[in-house]
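Here's the structure we're looking at; comments come further down.
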Amino acid sequence: MADDRPLRVLHTPTMVAGNPQSLATAERELGLDSYSAAFFQTGYGYEADEIVFDDDGGRLHQEWRRWRFLLRAARQFDVIHFNAGATIMPRYVERGSTAARHRLYDRYARAFELRDVAWLRRLGKAVFVTFLGGEARLHGYAKQHFEISYMHD
């Protein structure tokens, strides 16, 4: 017997230009069970269905919320649509910081960065990633090969 429920789609983890929220709204109009969740509220007035991280509790609380959100995404959605090249797991960013707390977080981020994509795929979820601008550009290449580039500003 076929499942008659609508396809459940999650758009996450940012609000870049309101695109994820607009996609969720349009998909709901088409009959899908579509939802937008952003990690943080922005100052641009875009409204997500959910803001995952709140201002309480600091980094450890935030990471707890991240893992709970990943588990919920795996349980409740058929399609996970990541935007701005980001996923639910933390992104490793080379900082060169010598602070012990930064080094520890950097190791954690490096160990889990992008792991959610493979985990979700193994669970049978359809996973899509949309790049919306700067995160898709090869900054080093542009700076090295083009005399006129946004990287020189």
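A note on labels: chains of the structure tokens are A, B, ... as shown, every chain counts residues from 1, and ligands are counted from 1 in their shown order.
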Run DSSP on the backbone of this structure and report the residues of chain A it assigns to alpha helix (DSSP H), as a VMD selection string. chain A and resid 19 to 29 58 to 76 100 to 112 115 to 122 139 to 145
All residues 7 Å or closer to Leu10 in chain A, only C-alpha atoms, same chain fewer than 4 positions away omitted, as an MDAnalysis selection string: chainID A and resid 34:36 77 79:81
Can those selected residues be exported to a file as a PDB file, in the first residue's frame so that it contains N, CA, C and O atoms?
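Writing the result to again_17.pdb gives the following:
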```pdb
ATOM      1  N   SER A  34       6.572  21.135   3.747  1.00  0.00           N
ATOM      2  CA  SER A  34       7.885  21.774   3.658  1.00  0.00           C
ATOM      3  C   SER A  34       8.104  22.714   4.836  1.00  0.00           C
ATOM      4  O   SER A  34       7.182  23.419   5.262  1.00  0.00           O
ATOM      5  N   TYR A  35       9.344  22.753   5.332  1.00  0.00           N
ATOM      6  CA  TYR A  35       9.668  23.439   6.580  1.00  0.00           C
ATOM      7  C   TYR A  35      11.034  24.100   6.438  1.00  0.00           C
ATOM      8  O   TYR A  35      11.948  23.509   5.866  1.00  0.00           O
ATOM      9  N   SER A  36      11.169  25.305   6.971  1.00  0.00           N
ATOM     10  CA  SER A  36      12.471  25.982   6.946  1.00  0.00           C
ATOM     11  C   SER A  36      12.965  26.189   8.370  1.00  0.00           C
ATOM     12  O   SER A  36      12.206  26.620   9.237  1.00  0.00           O
ATOM     13  N   PHE A  77      11.907  14.016   8.203  1.00  0.00           N
ATOM     14  CA  PHE A  77      11.899  14.524   6.831  1.00  0.00           C
ATOM     15  C   PHE A  77      12.379  13.476   5.831  1.00  0.00           C
ATOM     16  O   PHE A  77      13.211  12.633   6.143  1.00  0.00           O
ATOM     17  N   VAL A  79      13.308  14.632   2.582  1.00  0.00           N
ATOM     18  CA  VAL A  79      14.263  15.394   1.770  1.00  0.00           C
ATOM     19  C   VAL A  79      14.908  16.441   2.665  1.00  0.00           C
ATOM     20  O   VAL A  79      14.206  17.181   3.356  1.00  0.00           O
ATOM     21  N   ILE A  80      16.232  16.501   2.636  1.00  0.00           N
ATOM     22  CA  ILE A  80      16.960  17.532   3.362  1.00  0.00           C
ATOM     23  C   ILE A  80      17.641  18.403   2.322  1.00  0.00           C
ATOM     24  O   ILE A  80      18.459  17.917   1.542  1.00  0.00           O
ATOM     25  N   HIS A  81      17.287  19.672   2.289  1.00  0.00           N
ATOM     26  CA  HIS A  81      17.841  20.611   1.321  1.00  0.00           C
ATOM     27  C   HIS A  81      18.703  21.614   2.084  1.00  0.00           C
ATOM     28  O   HIS A  81      18.203  22.518   2.735  1.00  0.00           O
TER      29      HIS A  81
END
```
If you take only C-alpha atoms and a cut-off of 6 Å, which residues of range 57-92 of chain A touch range 96-120 of chain A, and what are their nearest atom pairs and distances in Å to one decimal, in chain and number order, as a Markdown table?
```
| residue | atom | partner | partner_atom | distance |
| --- | --- | --- | --- | --- |
| A:Met89 | CA | A:Glu113 | CA | 5.5 |
| A:Pro90 | CA | A:Ala109 | CA | 5.1 |
| A:Arg91 | CA | A:Glu113 | CA | 5.4 |
| A:Tyr92 | CA | A:Ala109 | CA | 5.0 |
```
May I have the selected residues written with C-alpha atoms, as a PDB file, in the first residue's frame?
```pdb
ATOM      1  CA  MET A  89      27.227  19.684  11.259  1.00  0.00           C
ATOM      2  CA  PRO A  90      29.748  22.364  12.228  1.00  0.00           C
ATOM      3  CA  ARG A  91      32.047  23.735   9.553  1.00  0.00           C
ATOM      4  CA  TYR A  92      35.789  23.629  10.135  1.00  0.00           C
TER       5      TYR A  92
END
```
